[in-house]
>>> print(open('work.csv').read())   # CSV, C-alpha atoms and all ligand atoms
chain,number,residue,atom,x,y,z
A,24,LEU,CA,16.1,28.9,12.3
A,25,ALA,CA,14.7,25.3,12.7
A,26,GLN,CA,17.4,24.8,15.3
A,27,GLY,CA,16.0,24.8,18.8
A,28,ARG,CA,12.4,24.2,17.7
A,29,PRO,CA,11.2,20.6,18.4
A,30,ALA,CA,11.1,18.3,15.4
A,31,ARG,CA,7.6,16.9,15.3
A,32,ILE,CA,6.9,13.4,13.9
A,33,GLY,CA,3.3,12.5,13.0
A,34,LEU,CA,3.1,8.8,13.9
A,35,ILE,CA,0.0,7.2,12.3
A,36,LEU,CA,-0.7,3.6,13.5
A,37,PRO,CA,-3.6,1.2,14.0
A,38,MET,CA,-3.9,1.5,17.8
A,39,THR,CA,-7.4,0.0,17.9
A,40,GLY,CA,-9.3,-2.4,15.7
A,41,PRO,CA,-8.2,-5.8,14.2
A,42,PHE,CA,-4.5,-4.7,13.6
A,43,ALA,CA,-3.9,-3.0,17.0
A,44,SER,CA,-1.0,-5.4,17.7
A,45,THR,CA,0.9,-3.7,14.9
A,46,GLY,CA,0.3,-0.3,16.4
A,47,ARG,CA,1.3,-1.5,19.9
A,48,GLN,CA,4.5,-3.0,18.7
A,49,VAL,CA,5.6,0.0,16.6
A,50,GLU,CA,4.7,2.5,19.3
A,51,ALA,CA,6.6,0.5,22.0
A,52,ALA,CA,9.7,0.5,19.8
A,53,VAL,CA,9.5,4.2,19.0
A,54,ARG,CA,9.2,5.1,22.7
A,55,LEU,CA,12.0,2.7,23.6
A,56,TYR,CA,14.3,4.3,21.0
A,57,LEU,CA,13.8,7.8,22.5
A,58,ARG,CA,14.2,6.5,26.1
A,59,GLN,CA,17.5,4.7,25.2
A,60,ARG,CA,19.1,7.1,22.7
A,61,GLY,CA,17.9,10.4,24.1
A,62,GLU,CA,15.3,12.7,22.6
A,63,SER,CA,17.4,15.4,20.9
A,64,PHE,CA,19.1,15.0,17.6
A,65,GLY,CA,20.8,17.8,15.5
A,66,GLY,CA,19.8,20.3,18.2
A,67,ARG,CA,16.1,19.4,18.0
A,68,ARG,CA,14.0,17.6,20.5
A,69,LEU,CA,11.9,14.9,18.8
A,70,GLU,CA,8.2,15.2,19.6
A,71,ILE,CA,5.9,12.2,18.7
A,72,LEU,CA,2.3,13.0,17.7
A,73,LEU,CA,0.6,9.6,17.8
A,74,ARG,CA,-2.7,9.2,15.8
A,75,ASP,CA,-4.9,6.1,15.7
A,76,ASP,CA,-6.2,5.4,12.2
A,77,THR,CA,-8.0,2.2,13.4
A,78,GLY,CA,-6.3,0.2,10.7
A,79,THR,CA,-9.3,-0.2,8.4
A,80,ALA,CA,-10.2,3.1,6.6
A,81,PRO,CA,-7.7,4.7,4.1
A,82,GLU,CA,-9.7,8.0,4.1
A,83,VAL,CA,-9.1,8.3,7.9
A,84,THR,CA,-5.4,7.8,7.5
A,85,ARG,CA,-5.3,10.4,4.8
A,86,ARG,CA,-7.3,12.9,6.8
A,87,LEU,CA,-5.0,12.3,9.8
A,88,ALA,CA,-1.9,12.8,7.7
A,89,GLN,CA,-3.3,16.1,6.3
A,90,GLU,CA,-4.1,17.4,9.8
A,91,LEU,CA,-0.7,16.5,11.0
A,92,VAL,CA,0.9,18.5,8.1
A,93,VAL,CA,-1.4,21.5,8.0
A,94,ARG,CA,-2.4,22.0,11.7
A,95,ASP,CA,0.5,20.4,13.6
A,96,LYS,CA,3.2,21.3,11.1
A,97,VAL,CA,5.1,18.0,11.5
A,98,GLN,CA,8.5,17.5,9.9
A,99,ALA,CA,7.9,13.9,8.9
A,100,LEU,CA,5.1,11.4,8.7
A,101,ALA,CA,5.7,7.8,10.0
A,102,GLY,CA,4.1,4.5,10.9
A,103,PHE,CA,1.5,3.0,8.4
A,104,GLY,CA,0.4,-0.4,9.6
A,105,LEU,CA,-1.2,-1.6,6.3
A,106,THR,CA,-0.6,-1.1,2.6
A,107,PRO,CA,-3.9,0.6,1.7
A,108,LEU,CA,-3.2,3.1,4.5
A,109,ALA,CA,0.3,3.8,3.3
A,110,PHE,CA,-1.1,4.3,-0.3
A,111,ALA,CA,-3.7,6.7,1.0
A,112,ALA,CA,-1.1,8.9,2.8
A,113,ALA,CA,1.5,9.0,-0.1
A,114,PRO,CA,0.0,12.0,-2.0
A,115,VAL,CA,-0.1,14.0,1.3
A,116,ALA,CA,3.7,13.5,1.7
A,117,THR,CA,4.3,14.4,-2.0
A,118,GLU,CA,2.2,17.6,-1.7
A,119,ALA,CA,3.9,18.7,1.5
A,120,LYS,CA,7.4,17.6,0.5
A,121,LEU,CA,7.9,15.8,3.8
A,122,PRO,CA,9.6,12.5,4.4
A,123,MET,CA,7.2,9.6,5.0
A,124,VAL,CA,8.8,6.7,6.8
A,125,VAL,CA,6.9,3.5,6.3
A,126,MET,CA,7.6,1.4,9.4
A,127,ALA,CA,5.2,-1.5,8.9
A,128,ALA,CA,3.4,-1.9,5.5
A,129,ALA,CA,5.2,-4.2,3.1
A,130,THR,CA,3.8,-4.3,-0.5
A,131,SER,CA,6.5,-3.8,-3.0
A,132,ALA,CA,4.9,-0.9,-4.8
A,133,ILE,CA,4.6,1.4,-1.8
A,134,VAL,CA,7.9,3.2,-2.4
A,135,GLN,CA,6.8,4.1,-5.9
A,136,ARG,CA,3.7,6.0,-4.7
A,137,SER,CA,5.8,9.0,-3.6
A,138,PRO,CA,9.4,10.2,-4.0
A,139,PHE,CA,9.2,11.2,-0.3
A,140,ILE,CA,8.6,7.6,0.9
A,141,LEU,CA,11.3,5.6,2.6
A,142,ARG,CA,10.8,2.1,4.1
A,143,THR,CA,12.2,0.5,7.2
A,144,SER,CA,10.0,-2.6,7.3
A,145,PHE,CA,10.4,-5.1,4.5
A,146,THR,CA,8.8,-6.2,1.2
A,147,LEU,CA,6.7,-9.3,0.6
A,148,PRO,CA,8.7,-10.3,-2.5
A,149,GLN,CA,12.0,-9.8,-0.5
A,150,VAL,CA,10.9,-12.3,2.1
A,151,THR,CA,8.9,-14.7,-0.1
A,152,ALA,CA,11.5,-15.6,-2.7
A,153,PRO,CA,13.8,-17.3,-0.2
A,154,ILE,CA,11.2,-19.7,1.2
A,155,ALA,CA,10.2,-20.8,-2.3
A,156,GLU,CA,13.9,-21.5,-3.0
A,157,TRP,CA,14.3,-23.3,0.3
A,158,ALA,CA,11.2,-25.5,-0.5
A,159,LEU,CA,12.8,-26.5,-3.8
A,160,ARG,CA,16.1,-27.4,-2.1
A,161,GLU,CA,14.1,-29.6,0.3
A,162,ARG,CA,12.6,-31.4,-2.8
A,163,VAL,CA,9.0,-30.3,-2.0
A,164,GLN,CA,7.2,-30.9,-5.2
A,165,THR,CA,3.7,-29.6,-4.5
A,166,ALA,CA,2.7,-26.5,-2.5
A,167,ALA,CA,-0.6,-24.8,-2.1
A,168,THR,CA,-0.8,-21.1,-1.3
A,169,LEU,CA,-3.0,-19.3,1.2
A,170,VAL,CA,-2.7,-15.5,1.3
A,171,ALA,CA,-4.7,-12.6,2.6
A,172,ASP,CA,-6.7,-11.1,-0.3
A,173,TYR,CA,-5.1,-7.7,-0.7
A,174,ALA,CA,-1.9,-6.1,-2.1
A,175,PRO,CA,0.8,-7.8,0.1
A,176,GLY,CA,-0.9,-11.2,-0.2
A,177,LEU,CA,-1.0,-10.9,-3.9
A,178,ASP,CA,2.7,-9.9,-3.9
A,179,ALA,CA,3.5,-13.1,-1.9
A,180,GLU,CA,1.3,-15.3,-4.0
A,181,ARG,CA,2.8,-14.1,-7.3
A,182,VAL,CA,6.4,-14.4,-6.2
A,183,PHE,CA,6.0,-17.7,-4.4
A,184,LYS,CA,4.3,-19.2,-7.5
A,185,ALA,CA,6.8,-17.8,-10.0
A,186,ARG,CA,9.8,-19.0,-8.0
A,187,PHE,CA,8.4,-22.4,-7.0
A,188,THR,CA,7.1,-23.3,-10.4
A,189,GLY,CA,10.1,-21.8,-12.1
A,190,GLY,CA,12.2,-24.3,-10.2
A,191,GLY,CA,10.0,-27.3,-11.2
A,192,GLY,CA,7.5,-27.2,-8.3
A,193,ARG,CA,3.7,-27.4,-8.7
A,194,VAL,CA,1.1,-25.2,-7.1
A,195,PRO,CA,-2.2,-27.2,-7.2
A,196,LEU,CA,-4.3,-24.8,-5.1
A,197,GLU,CA,-4.3,-21.0,-4.6
A,198,LEU,CA,-6.5,-19.6,-1.9
A,199,ARG,CA,-7.2,-16.0,-0.9
A,200,THR,CA,-8.8,-15.3,2.5
A,201,PRO,CA,-10.7,-12.1,3.2
A,202,LEU,CA,-8.8,-9.4,5.1
A,203,ARG,CA,-11.7,-8.6,7.3
A,204,ASN,CA,-13.2,-11.2,9.7
A,205,PRO,CA,-11.6,-14.2,8.0
A,206,ASP,CA,-12.8,-17.7,8.9
A,207,TYR,CA,-9.8,-19.9,8.0
A,208,ALA,CA,-11.6,-23.3,8.6
A,209,PRO,CA,-13.1,-23.8,5.2
A,210,PHE,CA,-9.9,-22.8,3.4
A,211,LEU,CA,-7.7,-25.1,5.5
A,212,GLN,CA,-10.3,-27.9,4.9
A,213,ARG,CA,-9.7,-27.4,1.1
A,214,VAL,CA,-6.0,-27.7,1.7
A,215,ARG,CA,-6.5,-30.9,3.7
A,216,ASP,CA,-8.6,-32.4,0.8
A,217,ALA,CA,-5.9,-31.4,-1.8
A,218,LYS,CA,-3.1,-32.8,0.3
A,219,PRO,CA,-0.1,-30.8,-1.1
A,220,GLU,CA,3.3,-31.5,0.5
A,221,ALA,CA,3.5,-28.0,1.8
A,222,LEU,CA,1.2,-25.0,2.4
A,223,PHE,CA,2.7,-21.5,1.9
A,224,ILE,CA,1.0,-18.9,4.0
A,225,PHE,CA,1.0,-15.1,4.2
A,226,VAL,CA,-1.4,-13.4,6.6
A,227,PRO,CA,-0.9,-10.0,8.2
A,228,SER,CA,0.6,-9.6,11.6
A,229,GLY,CA,-1.9,-10.6,14.3
A,230,GLU,CA,-3.7,-13.3,12.2
A,231,GLY,CA,-1.2,-16.1,12.7
A,232,ALA,CA,-2.8,-17.6,15.8
A,233,ALA,CA,-6.2,-18.1,14.1
A,234,VAL,CA,-4.6,-19.7,11.1
A,235,MET,CA,-2.4,-22.0,13.2
A,236,LYS,CA,-5.5,-23.1,15.2
A,237,GLN,CA,-7.3,-24.2,12.1
A,238,PHE,CA,-4.1,-25.8,10.7
A,239,ALA,CA,-4.1,-28.0,13.8
A,240,GLU,CA,-7.9,-28.6,14.0
A,241,ARG,CA,-8.2,-29.7,10.4
A,242,GLY,CA,-5.3,-32.2,11.0
A,243,LEU,CA,-3.1,-30.8,8.2
A,244,ALA,CA,0.2,-31.9,9.9
A,245,GLU,CA,-1.3,-35.5,10.3
A,246,ALA,CA,-2.1,-35.4,6.6
A,247,GLY,CA,1.5,-34.7,5.8
A,248,VAL,CA,1.2,-31.0,4.9
A,249,ARG,CA,4.2,-28.9,6.0
A,250,LEU,CA,3.6,-25.3,7.0
A,251,ILE,CA,5.9,-22.8,5.3
A,252,GLY,CA,5.5,-19.1,4.7
A,253,THR,CA,6.8,-15.7,5.4
A,254,GLY,CA,7.5,-15.0,9.0
A,255,ASP,CA,4.3,-13.0,9.4
A,256,VAL,CA,2.3,-16.1,10.4
A,257,VAL,CA,4.7,-17.0,13.2
A,258,ASP,CA,4.8,-13.5,14.6
A,259,ASP,CA,7.0,-13.4,17.7
A,260,ASP,CA,4.3,-11.5,19.6
A,261,LEU,CA,1.9,-14.4,19.3
A,262,LEU,CA,4.1,-17.4,18.8
A,263,ASN,CA,4.3,-18.6,22.4
A,264,ASP,CA,0.5,-18.8,22.6
A,265,MET,CA,0.3,-20.8,19.4
A,266,GLY,CA,1.7,-23.8,21.2
A,267,ARG,CA,2.7,-27.2,19.7
A,268,PRO,CA,1.0,-26.8,16.3
A,269,ALA,CA,3.6,-24.1,15.4
A,270,LEU,CA,6.6,-26.3,16.1
A,271,GLY,CA,8.6,-27.1,13.0
A,272,ALA,CA,7.0,-24.4,10.8
A,273,VAL,CA,9.7,-23.0,8.5
A,274,THR,CA,9.5,-19.4,7.3
A,275,SER,CA,11.7,-16.7,5.8
A,276,HIS,CA,11.8,-13.3,7.3
A,277,HIS,CA,14.0,-10.3,8.2
A,278,TYR,CA,13.6,-10.4,11.9
A,279,SER,CA,13.4,-13.0,14.7
A,280,ALA,CA,13.4,-12.1,18.4
A,281,ALA,CA,15.9,-15.0,18.7
A,282,HIS,CA,18.4,-13.4,16.3
A,283,ASP,CA,21.8,-14.0,17.7
A,284,SER,CA,23.6,-10.7,18.0
A,285,PRO,CA,24.6,-8.3,20.8
A,286,GLU,CA,22.4,-5.6,19.3
A,287,ASN,CA,19.4,-7.8,19.3
A,288,LYS,CA,20.0,-9.2,22.8
A,289,ALA,CA,20.1,-5.7,24.1
A,290,TYR,CA,17.0,-4.8,22.1
A,291,VAL,CA,14.9,-7.7,23.3
A,292,GLN,CA,15.9,-7.3,26.9
A,293,GLY,CA,15.1,-3.5,26.8
A,294,PHE,CA,11.8,-4.0,25.0
A,295,ILE,CA,10.6,-6.7,27.4
A,296,ALA,CA,11.7,-4.8,30.5
A,297,ALA,CA,9.8,-1.7,29.2
A,298,ASN,CA,6.7,-3.7,28.0
A,299,PRO,CA,6.0,-6.6,30.4
A,300,GLY,CA,4.1,-9.4,28.7
A,301,MET,CA,5.1,-8.4,25.2
A,302,ARG,CA,7.9,-9.8,23.0
A,303,PRO,CA,9.2,-7.6,20.2
A,304,ASN,CA,8.2,-8.8,16.7
A,305,PHE,CA,9.1,-7.7,13.2
A,306,MET,CA,6.7,-4.8,13.3
A,307,SER,CA,8.6,-3.4,16.3
A,308,VAL,CA,12.0,-3.3,14.5
A,309,GLY,CA,10.4,-1.4,11.7
A,310,GLY,CA,9.5,1.3,14.3
A,311,TRP,CA,12.9,1.2,15.9
A,312,ASP,CA,14.8,1.5,12.6
A,313,GLY,CA,12.4,4.2,11.4
A,314,MET,CA,13.4,6.3,14.5
A,315,GLN,CA,17.1,5.6,13.8
A,316,LEU,CA,16.6,6.8,10.3
A,317,ILE,CA,14.9,10.1,11.4
A,318,ALA,CA,17.4,10.6,14.3
A,319,GLU,CA,20.5,10.1,12.1
A,320,ALA,CA,19.2,12.4,9.4
A,321,LEU,CA,18.4,15.1,11.9
A,322,GLN,CA,21.8,14.7,13.3
A,323,ALA,CA,23.5,14.8,9.9
A,324,THR,CA,21.7,18.0,8.8
A,325,GLY,CA,21.8,19.8,12.1
A,326,GLY,CA,18.1,19.7,12.4
A,327,GLY,CA,17.2,20.0,8.7
A,328,GLU,CA,13.7,19.8,7.2
A,329,GLY,CA,11.9,18.8,4.1
A,330,GLU,CA,14.0,17.8,1.1
A,331,ALA,CA,17.3,18.3,3.0
A,332,LEU,CA,16.0,15.9,5.6
A,333,LEU,CA,14.9,13.4,2.9
A,334,ALA,CA,18.3,13.6,1.2
A,335,ALA,CA,20.1,12.8,4.5
A,336,MET,CA,17.9,9.7,4.9
A,337,LYS,CA,18.8,8.2,1.6
A,338,GLY,CA,21.7,5.8,1.5
A,339,ARG,CA,22.1,5.3,5.3
A,340,SER,CA,23.4,2.0,6.7
A,341,TRP,CA,23.5,0.8,10.2
A,342,THR,CA,23.3,-2.3,12.3
A,343,SER,CA,19.7,-3.0,13.4
A,344,PRO,CA,18.6,-5.5,15.9
A,345,ARG,CA,17.7,-7.6,12.8
A,346,GLY,CA,21.2,-7.3,11.3
A,347,PRO,CA,22.9,-5.0,8.8
A,348,ILE,CA,20.5,-2.7,6.8
A,349,THR,CA,20.7,0.0,4.2
A,350,ILE,CA,18.1,2.4,2.9
A,351,ASP,CA,18.9,2.3,-0.8
A,352,ALA,CA,19.6,5.9,-2.1
A,353,GLU,CA,17.8,5.2,-5.4
A,354,THR,CA,14.8,3.1,-4.5
A,355,ARG,CA,14.4,4.4,-0.9
A,356,ASP,CA,13.6,0.8,0.0
A,357,ILE,CA,15.3,-1.3,2.6
A,358,VAL,CA,18.2,-3.7,1.7
A,359,GLN,CA,18.6,-6.4,4.4
A,360,ASP,CA,19.5,-9.9,5.3
A,361,VAL,CA,16.7,-12.4,5.1
A,362,TYR,CA,16.8,-15.5,7.3
A,363,ILE,CA,15.3,-19.0,7.0
A,364,ARG,CA,14.0,-20.0,10.5
A,365,ARG,CA,12.3,-23.0,12.1
A,366,VAL,CA,10.0,-22.8,15.2
A,367,GLU,CA,11.7,-24.6,18.0
A,368,GLU,CA,11.2,-24.8,21.8
A,369,ARG,CA,14.0,-23.3,24.0
A,370,ASP,CA,13.6,-23.1,27.8
A,371,GLY,CA,9.9,-23.7,27.6
A,372,GLN,CA,9.3,-20.9,25.0
A,373,LEU,CA,8.8,-21.0,21.2
A,374,TRP,CA,11.2,-19.1,19.0
A,375,ASN,CA,12.0,-18.7,15.3
A,376,ILE,CA,15.5,-20.1,15.2
A,377,GLU,CA,17.5,-18.9,12.2
A,378,PHE,CA,19.5,-21.5,10.4
A,379,ASP,CA,20.2,-19.9,7.0
A,380,ARG,CA,20.8,-16.4,5.8
A,381,LEU,CA,20.6,-14.6,2.5
A,382,PRO,CA,22.7,-11.4,2.8
A,383,ALA,CA,21.7,-8.0,1.5
A,384,MET,CA,18.5,-8.9,-0.2
A,385,ARG,CA,16.8,-6.2,-2.3
A,386,ASP,CA,13.2,-6.2,-3.2
A,387,PRO,CA,13.2,-8.4,-6.3
A,388,GLY,CA,10.6,-6.1,-7.8
A,389,THR,CA,7.1,-6.3,-9.3
B,401,LIG,C1,1.2,-5.7,5.8
B,401,LIG,C2,0.6,-5.8,7.0
B,401,LIG,C3,1.0,-6.8,7.9
B,401,LIG,O1,0.5,-6.9,9.1
B,401,LIG,C4,2.1,-7.6,7.5
B,401,LIG,O2,2.5,-8.6,8.4
B,401,LIG,C5,2.6,-7.5,6.3
B,401,LIG,C6,2.2,-6.6,5.4
B,401,LIG,C7,0.7,-4.7,4.8
B,401,LIG,O3,-0.6,-4.4,4.8
B,401,LIG,O4,1.4,-4.2,4.0
>>> encode(input="work.csv", output="structure tokens")
Amino acid sequence: LAQGRPARIGLILPMTGPFASTGRQVEAAVRLYLRQRGESFGGRRLEILLRDDTGTAPEVTRRLAQELVVRDKVQALAGFGLTPLAFAAAPVATEAKLPMVVMAAATSAIVQRSPFILRTSFTLPQVTAPIAEWALRERVQTAATLVADYAPGLDAERVFKARFTGGGGRVPLELRTPLRNPDYAPFLQRVRDAKPEALFIFVPSGEGAAVMKQFAERGLAEAGVRLIGTGDVVDDDLLNDMGRPALGAVTSHHYSAAHDSPENKAYVQGFIAANPGMRPNFMSVGGWDGMQLIAEALQATGGGEGEALLAAMKGRSWTSPRGPITIDAETRDIVQDVYIRRVEERDGQLWNIEFDRLPAMRDPGT
């Protein structure tokens, strides 16, 4: 019966407001996927219903999710640029018994908010633990932390501190910056005064350039402070514009546009050709793989819906532009390789060059 009818996907993203870069990246990848892989799966044409939640108001995200379910009769919800917005939509997915594919938000606890949530992005604990271990191997003894003051930042702060101090390091200063309209100058001045050997940073996608500017202006590199963090701060979309201050920053993350694989070369080439002036970042691969998850499940079920579609999404594995990934059947969370990378210049552009890999990392949990 469902066969032949379009499968509608309600894609909720911040297309305007302070986190619009996340929406732009995810949308570009979703459209690229359909252009390259075709629009029909399991006998059903995929129809994308894009809604802008502006990135700042959970009640707006929740209302949009409800409208997509009730009025537009979507088969799945997808997108979700920030954690509070994913939290807000979770009860809607549970009530409607529809798969909810989190393509961007990255707080560990999100998948526990509904048995219908699956994640194709990453988790902050998953990408934070490896950089703490790397700093210890580098014999860094003191590291300050600077995180955005909301759920993913608190995940990052907690996991960095536990791993780093657990291995004998010291965290002399812990700073939390506001999510809205942050001014990084006074925070980085405090880091300069404390002079730790390293500064661990997590800020959401889109904020990296402003942080990097203050890191340079406050003279932190000159004071001997090494910049480390999760890859969010050296977002591939913005990295080229950050210029020299970003050189040498070491971060851990699940995706670099410089990832050396045939799948990624094709992805980056296709993305740049379709979106002149943009470079795909980690948000984009969350969107790409979210589409792959939906497309494969539709194919496997011959156009199935609801709990059948959800069941077909669980346990899937494929090779993403980022490397091999699995959507764990039990946790519905993503299992993926995490890489340690350093910002380097190649052919006049800045890239996150991967030099170490931790295979098949799970979310280490809360
Ligand atoms: C979240 C948002 C981001 O832009 C990011 O880089 C990581 C996490 C979030 O709100 O979950």
>>> residues_near_ligand(input="work.csv", ligand="ligand LIG 401 (chain B)", cutoff="10 Å", atoms="all atoms listed in the file", output="PDB file with C-alpha atoms, in the frame of the given file")
ATOM      1  CA  PHE A  42      -4.500  -4.700  13.600  1.00  0.00           C
ATOM      2  CA  ALA A  43      -3.900  -3.000  17.000  1.00  0.00           C
ATOM      3  CA  SER A  44      -1.000  -5.400  17.700  1.00  0.00           C
ATOM      4  CA  THR A  45       0.900  -3.700  14.900  1.00  0.00           C
ATOM      5  CA  GLY A  46       0.300  -0.300  16.400  1.00  0.00           C
ATOM      6  CA  GLY A  78      -6.300   0.200  10.700  1.00  0.00           C
ATOM      7  CA  PHE A 103       1.500   3.000   8.400  1.00  0.00           C
ATOM      8  CA  GLY A 104       0.400  -0.400   9.600  1.00  0.00           C
ATOM      9  CA  LEU A 105      -1.200  -1.600   6.300  1.00  0.00           C
ATOM     10  CA  THR A 106      -0.600  -1.100   2.600  1.00  0.00           C
ATOM     11  CA  PRO A 107      -3.900   0.600   1.700  1.00  0.00           C
ATOM     12  CA  LEU A 108      -3.200   3.100   4.500  1.00  0.00           C
ATOM     13  CA  ALA A 109       0.300   3.800   3.300  1.00  0.00           C
ATOM     14  CA  PHE A 110      -1.100   4.300  -0.300  1.00  0.00           C
ATOM     15  CA  VAL A 125       6.900   3.500   6.300  1.00  0.00           C
ATOM     16  CA  MET A 126       7.600   1.400   9.400  1.00  0.00           C
ATOM     17  CA  ALA A 127       5.200  -1.500   8.900  1.00  0.00           C
ATOM     18  CA  ALA A 128       3.400  -1.900   5.500  1.00  0.00           C
ATOM     19  CA  ALA A 129       5.200  -4.200   3.100  1.00  0.00           C
ATOM     20  CA  THR A 130       3.800  -4.300  -0.500  1.00  0.00           C
ATOM     21  CA  SER A 131       6.500  -3.800  -3.000  1.00  0.00           C
ATOM     22  CA  ILE A 133       4.600   1.400  -1.800  1.00  0.00           C
ATOM     23  CA  SER A 144      10.000  -2.600   7.300  1.00  0.00           C
ATOM     24  CA  PHE A 145      10.400  -5.100   4.500  1.00  0.00           C
ATOM     25  CA  THR A 146       8.800  -6.200   1.200  1.00  0.00           C
ATOM     26  CA  LEU A 147       6.700  -9.300   0.600  1.00  0.00           C
ATOM     27  CA  ALA A 171      -4.700 -12.600   2.600  1.00  0.00           C
ATOM     28  CA  TYR A 173      -5.100  -7.700  -0.700  1.00  0.00           C
ATOM     29  CA  ALA A 174      -1.900  -6.100  -2.100  1.00  0.00           C
ATOM     30  CA  PRO A 175       0.800  -7.800   0.100  1.00  0.00           C
ATOM     31  CA  GLY A 176      -0.900 -11.200  -0.200  1.00  0.00           C
ATOM     32  CA  ASP A 178       2.700  -9.900  -3.900  1.00  0.00           C
ATOM     33  CA  ALA A 179       3.500 -13.100  -1.900  1.00  0.00           C
ATOM     34  CA  LEU A 202      -8.800  -9.400   5.100  1.00  0.00           C
ATOM     35  CA  PHE A 225       1.000 -15.100   4.200  1.00  0.00           C
ATOM     36  CA  VAL A 226      -1.400 -13.400   6.600  1.00  0.00           C
ATOM     37  CA  PRO A 227      -0.900 -10.000   8.200  1.00  0.00           C
ATOM     38  CA  SER A 228       0.600  -9.600  11.600  1.00  0.00           C
ATOM     39  CA  GLY A 229      -1.900 -10.600  14.300  1.00  0.00           C
ATOM     40  CA  GLU A 230      -3.700 -13.300  12.200  1.00  0.00           C
ATOM     41  CA  GLY A 231      -1.200 -16.100  12.700  1.00  0.00           C
ATOM     42  CA  THR A 253       6.800 -15.700   5.400  1.00  0.00           C
ATOM     43  CA  GLY A 254       7.500 -15.000   9.000  1.00  0.00           C
ATOM     44  CA  ASP A 255       4.300 -13.000   9.400  1.00  0.00           C
ATOM     45  CA  VAL A 256       2.300 -16.100  10.400  1.00  0.00           C
ATOM     46  CA  VAL A 257       4.700 -17.000  13.200  1.00  0.00           C
ATOM     47  CA  ASP A 258       4.800 -13.500  14.600  1.00  0.00           C
ATOM     48  CA  PHE A 305       9.100  -7.700  13.200  1.00  0.00           C
ATOM     49  CA  MET A 306       6.700  -4.800  13.300  1.00  0.00           C
TER      50      MET A 306
END
>>> residues_around(input="work.csv", residues="range 282-286 of chain A", least_positions_apart="6", cutoff="10 Å", atoms="only C-alpha atoms", output="PDB file with C-alpha atoms, in the coordinates of the input")
ATOM      1  CA  THR A 342      23.300  -2.300  12.300  1.00  0.00           C
ATOM      2  CA  SER A 343      19.700  -3.000  13.400  1.00  0.00           C
ATOM      3  CA  PRO A 344      18.600  -5.500  15.900  1.00  0.00           C
ATOM      4  CA  ARG A 345      17.700  -7.600  12.800  1.00  0.00           C
ATOM      5  CA  GLY A 346      21.200  -7.300  11.300  1.00  0.00           C
ATOM      6  CA  TYR A 362      16.800 -15.500   7.300  1.00  0.00           C
ATOM      7  CA  ARG A 364      14.000 -20.000  10.500  1.00  0.00           C
ATOM      8  CA  TRP A 374      11.200 -19.100  19.000  1.00  0.00           C
ATOM      9  CA  ASN A 375      12.000 -18.700  15.300  1.00  0.00           C
ATOM     10  CA  ILE A 376      15.500 -20.100  15.200  1.00  0.00           C
ATOM     11  CA  GLU A 377      17.500 -18.900  12.200  1.00  0.00           C
TER      12      GLU A 377
END
>>> residues_around(input="work.csv", residues="range 259-265 of chain A", least_positions_apart="2", cutoff="7 Å", atoms="all atoms listed in the file", output="list of chain:residue names")
A:Ala232, A:Met235, A:Val257, A:Arg267, A:Pro268, A:Ala269, A:Ala280, A:Met301, A:Arg302, A:Pro303, A:Asn304, A:Gln372, A:Leu373
>>> closest_residue(input="work.csv", among="A:Gln135, A:Val358, A:Ala239, A:Val291", to="Pro114 in chain A", atoms="only C-alpha atoms")
A:Gln135
>>> atom_distance(input="work.csv", atom1="CA of Glu240 in chain A", atom2="CA of Leu159 in chain A")
27.4 Å
>>> atom_distance(input="work.csv", atom1="CA of Ile357 in chain A", atom2="CA of Pro37 in chain A")
22.2 Å
>>> atom_distance(input="work.csv", atom1="CA of Ala88 in chain A", atom2="CA of Asp172 in chain A")
25.7 Å
>>> closest_residue(input="work.csv", among="A:Val115, A:Leu57, A:Val83, A:Leu121", to="Ala331 in chain A", atoms="only C-alpha atoms")
A:Leu121
>>> closest_atom_pairs(input="work.csv", of="range 212-251 of chain A", to="range 272-276 of chain A", cutoff="8 Å", atoms="only C-alpha atoms", output="tab-separated table")
residue	atom	partner	partner_atom	distance
A:Arg249	CA	A:Ala272	CA	7.2
A:Leu250	CA	A:Ala272	CA	5.2
A:Ile251	CA	A:Val273	CA	5.0
>>> write_last_selection(input="work.csv", atoms="C-alpha atoms", output="PDB file, keeping the file's coordinate frame")
ATOM      1  CA  ARG A 249       4.200 -28.900   6.000  1.00  0.00           C
ATOM      2  CA  LEU A 250       3.600 -25.300   7.000  1.00  0.00           C
ATOM      3  CA  ILE A 251       5.900 -22.800   5.300  1.00  0.00           C
TER       4      ILE A 251
END
>>> closest_residue(input="work.csv", among="A:Lys288, A:Arg68, A:Arg199, A:Arg85", to="Gly325 in chain A", atoms="only C-alpha atoms")
A:Arg68
>>> closest_residue(input="work.csv", among="A:Ile317, A:Arg142, A:Thr168, A:Asp379", to="Thr354 in chain A", atoms="all atoms listed in the file")
A:Arg142
>>> closest_residue(input="work.csv", among="A:Trp157, A:Tyr207, A:Phe64, A:Trp311", to="Ala221 in chain A", atoms="all atoms listed in the file")
A:Trp157
>>> closest_residue(input="work.csv", among="A:Gly33, A:Pro195, A:Gly309, A:Gly338", to="Ala217 in chain A", atoms="only C-alpha atoms")
A:Pro195
>>> residues_around(input="work.csv", residues="Ala113 in chain A", least_positions_apart="6", cutoff="9 Å", atoms="all atoms listed in the file", output="PyMOL selection string")
chain A and resi 85+123+133-134+136-140
